[in-house]
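Undergrad: Submitted below is the structure of interest, expressed as structure tokens.
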Amino acid sequence: MAGMDRRGEQEKRLLGEQTEEALMAYILQVPFQVGQRIPNEFELAQRFGVGRSTIREAVKGLVSKGILEVRRGSGTYVTATRLADQDPLGLSGLQDRYKSALELLDVRLLLEPEIAALAAEYATEGELEELKKLCAETEQLYRDGKDHIPKDIQFHTCIAKCSKNRVVETLVPLIHTAVTTFADLTQRALLEETIQTHRAIVDAVADRDPVGARCAMTMHLTYNRQAMVRRYKEQQ
């Protein structure tokens, strides 16, 4: 009897996990934007062919991962479109994500121009080739309308590693979270600006021009900040 109970619990847990994965895929496929309300329990239960209690468990799982927020009397809303393990600083679940994104950009403006300047001084030839490759791959994904964010993060991570400063490398999770948050909230608003400034950064680093690299990174982040300020004002 105990064995049957355990099997029942395992099956229930498996169904809950499968429904949580299906719900996450549905959120990305529609796609739902940050701040948008998803269908209610009844509609989701019909869509996925499960009971409402299973939907509640799936929602609870995504709430714990920073993807959803349940607002009493209002519904369930999307708060992020990337899982918590893709947000190592745990900032995606903050209530005012637009303000958080602005604060992240302010920190990046304090740090990344100087990191780019260091990269121009210390990058090896092999790292320069990798940086050029990542720049080109990010651009192609962006132009094709595909998810360029993981490659964008690799691009900025490579610049950090080129600095040859071990403390700077510990800041990579900050850059990771900032890039992801910005992309979630602006929805590809700066395609040409991003491509042009990425190229300018790579050119300056490759030319061993610290001042140029610093200026190019400052311009890149300034475009981002201006776009985020506009989005932030729209939310007020």
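Residue names in the structure tokens use chain letters A, B, ... in the order shown, residue numbers from 1 in each chain, and ligand numbers from 1 in the order shown.
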Tell me, as a PyMOL selection string, which residues lie within 12 Å of Ala213 in chain A, counting only C-alpha atoms; anything in the same chain fewer than 2 positions away does not count.
TA: chain A and resi 112-121+159+163+197-211+215-220
Undergrad: Write to file, as a tab-separated table (two decimals), in the first residue's frame, the residues of the selection just made, with N, CA and C atoms.
TA:
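Below you can see selection.tsv, which holds the result:
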chain	number	residue	atom	x	y	z
A	112	GLU	N	32.16	49.17	-17.08
A	112	GLU	CA	32.53	48.55	-18.35
A	112	GLU	C	33.38	49.40	-19.30
A	113	PRO	N	33.23	50.73	-19.31
A	113	PRO	CA	34.17	51.48	-20.16
A	113	PRO	C	35.63	51.26	-19.76
A	114	GLU	N	35.90	51.20	-18.46
A	114	GLU	CA	37.26	50.97	-18.00
A	114	GLU	C	37.70	49.53	-18.27
A	115	ILE	N	36.74	48.60	-18.18
A	115	ILE	CA	37.06	47.20	-18.50
A	115	ILE	C	37.45	47.09	-19.97
A	116	ALA	N	36.71	47.79	-20.84
A	116	ALA	CA	37.03	47.78	-22.27
A	116	ALA	C	38.41	48.38	-22.53
A	117	ALA	N	38.75	49.43	-21.78
A	117	ALA	CA	40.08	50.06	-21.94
A	117	ALA	C	41.18	49.08	-21.55
A	118	LEU	N	40.96	48.33	-20.48
A	118	LEU	CA	41.93	47.31	-20.06
A	118	LEU	C	42.05	46.21	-21.11
A	119	ALA	N	40.91	45.84	-21.69
A	119	ALA	CA	40.91	44.79	-22.72
A	119	ALA	C	41.76	45.22	-23.91
A	120	ALA	N	41.69	46.50	-24.27
A	120	ALA	CA	42.49	46.99	-25.39
A	120	ALA	C	43.98	46.87	-25.11
A	121	GLU	N	44.36	46.93	-23.85
A	121	GLU	CA	45.76	46.82	-23.48
A	121	GLU	C	46.25	45.39	-23.37
A	159	ILE	N	35.08	40.37	-23.18
A	159	ILE	CA	35.76	41.65	-22.93
A	159	ILE	C	36.28	41.68	-21.49
A	163	SER	N	40.46	41.75	-19.96
A	163	SER	CA	41.04	42.76	-19.07
A	163	SER	C	42.19	42.20	-18.24
A	197	THR	N	27.77	49.86	-32.24
A	197	THR	CA	28.64	50.11	-31.09
A	197	THR	C	29.44	48.85	-30.72
A	198	HIS	N	28.86	47.68	-30.92
A	198	HIS	CA	29.63	46.44	-30.71
A	198	HIS	C	30.85	46.43	-31.65
A	199	ARG	N	30.61	46.77	-32.90
A	199	ARG	CA	31.71	46.79	-33.87
A	199	ARG	C	32.77	47.81	-33.46
A	200	ALA	N	32.32	48.99	-32.98
A	200	ALA	CA	33.26	50.04	-32.58
A	200	ALA	C	34.11	49.58	-31.40
A	201	ILE	N	33.50	48.85	-30.46
A	201	ILE	CA	34.25	48.33	-29.31
A	201	ILE	C	35.32	47.36	-29.79
A	202	VAL	N	34.92	46.43	-30.65
A	202	VAL	CA	35.86	45.42	-31.16
A	202	VAL	C	37.01	46.08	-31.93
A	203	ASP	N	36.67	47.04	-32.77
A	203	ASP	CA	37.71	47.72	-33.56
A	203	ASP	C	38.73	48.41	-32.65
A	204	ALA	N	38.24	49.08	-31.61
A	204	ALA	CA	39.14	49.80	-30.70
A	204	ALA	C	40.02	48.84	-29.91
A	205	VAL	N	39.42	47.75	-29.44
A	205	VAL	CA	40.20	46.76	-28.69
A	205	VAL	C	41.26	46.14	-29.60
A	206	ALA	N	40.87	45.82	-30.82
A	206	ALA	CA	41.81	45.22	-31.78
A	206	ALA	C	42.92	46.19	-32.16
A	207	ASP	N	42.61	47.49	-32.16
A	207	ASP	CA	43.62	48.51	-32.50
A	207	ASP	C	44.49	48.88	-31.30
A	208	ARG	N	44.25	48.22	-30.17
A	208	ARG	CA	44.99	48.52	-28.94
A	208	ARG	C	44.83	49.99	-28.55
A	209	ASP	N	43.57	50.44	-28.63
A	209	ASP	CA	43.24	51.83	-28.38
A	209	ASP	C	42.35	51.92	-27.13
A	210	PRO	N	42.93	52.05	-25.95
A	210	PRO	CA	42.14	52.07	-24.71
A	210	PRO	C	41.13	53.22	-24.67
A	211	VAL	N	41.53	54.41	-25.13
A	211	VAL	CA	40.61	55.55	-25.11
A	211	VAL	C	39.43	55.29	-26.04
A	215	CYS	N	35.49	54.92	-24.98
A	215	CYS	CA	34.44	55.76	-25.58
A	215	CYS	C	33.36	54.92	-26.27
A	216	ALA	N	33.79	53.87	-26.97
A	216	ALA	CA	32.82	53.03	-27.68
A	216	ALA	C	31.90	52.31	-26.71
A	217	MET	N	32.46	51.81	-25.60
A	217	MET	CA	31.62	51.14	-24.60
A	217	MET	C	30.69	52.14	-23.93
A	218	THR	N	31.18	53.34	-23.68
A	218	THR	CA	30.33	54.38	-23.08
A	218	THR	C	29.16	54.70	-24.00
A	219	MET	N	29.42	54.81	-25.30
A	219	MET	CA	28.36	55.08	-26.26
A	219	MET	C	27.35	53.93	-26.30
A	220	HIS	N	27.85	52.71	-26.31
A	220	HIS	CA	26.98	51.53	-26.32
A	220	HIS	C	26.02	51.55	-25.13
Undergrad: Taking the DSSP secondary structure from the backbone, can you list the residues of chain A that are alpha helix (DSSP H), as a PyMOL selection string?
TA: chain A and resi 2-29+41-48+52-64+97-122+125-143+149-162+166-169+172-186+191-206+210-235
Undergrad: Pick out the closest residue to Pro150 in chain A from this set: A:Thr177, A:Asn165, A:Asn40, A:Ser53. Count only C-alpha atoms.
TA: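 The answer is A:Thr177, which sits nearest to Pro150 in chain A.
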Undergrad: To one decimal place, how far is CA of Asp106 in chain A from CA of Ala123 in chain A in Å?
TA: 25.2 Å
Undergrad: Point out the residue among A:Val107, A:Gly51, A:Glu127, A:Val78 with the least atom-to-atom distance to Lys164 in chain A, counting only C-alpha atoms.
TA: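 Of A:Val107, A:Gly51, A:Glu127, A:Val78, the one nearest Lys164 in chain A is A:Glu127, counting only C-alpha atoms.
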Undergrad: Which residue, A:Leu62, A:Leu102, A:Asp184, A:Leu111, has the smallest gap to Gln226 in chain A when you use only C-alpha atoms?
TA: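 Distance minimum relative to Gln226 in chain A lands on A:Leu102.
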Undergrad: Assign secondary structure with DSSP using the backbone only, and return the residues of range 18-213 of chain A in strand (DSSP E or B) as number ranges by chain.
TA: A: 37, 68-71, 75-78
Undergrad: Which one is closest to Tyr223 in chain A: A:Ile175, A:Leu185, A:Tyr26, A:Gln196? Count only C-alpha atoms.
TA: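 Checking each candidate against Tyr223 in chain A, we get A:Gln196 as the closest.
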Undergrad: Would you kindly return, as a PyMOL selection string, each protein, DNA or RNA residue with an atom no farther than 10 Å from any atom of Ala183 in chain A, considering only C-alpha atoms and excluding same-chain residues fewer than 2 positions away?
TA: chain A and resi 81+101+147-149+177-181+185-190+224
Undergrad: Quick one, how far is CA of Ile55 in chain A from CA of Gln36 in chain A?
TA: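 Interatomic distance, CA of Ile55 in chain A to CA of Gln36 in chain A: 18.0 Å.
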Undergrad: Measure the distance from CA of Leu109 in chain A to CA of Leu221 in chain A in Å and round it to one decimal.
TA: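 These two atoms are separated by 6.4 Å.
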Undergrad: Find the residue from A:Glu57, A:Asp152, A:Glu129, A:Glu193 that sits nearest to Leu15 in chain A; use only C-alpha atoms when measuring.
TA: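 Checking each of A:Glu57, A:Asp152, A:Glu129, A:Glu193 against Leu15 in chain A, counting only C-alpha atoms, the winner is A:Glu57.
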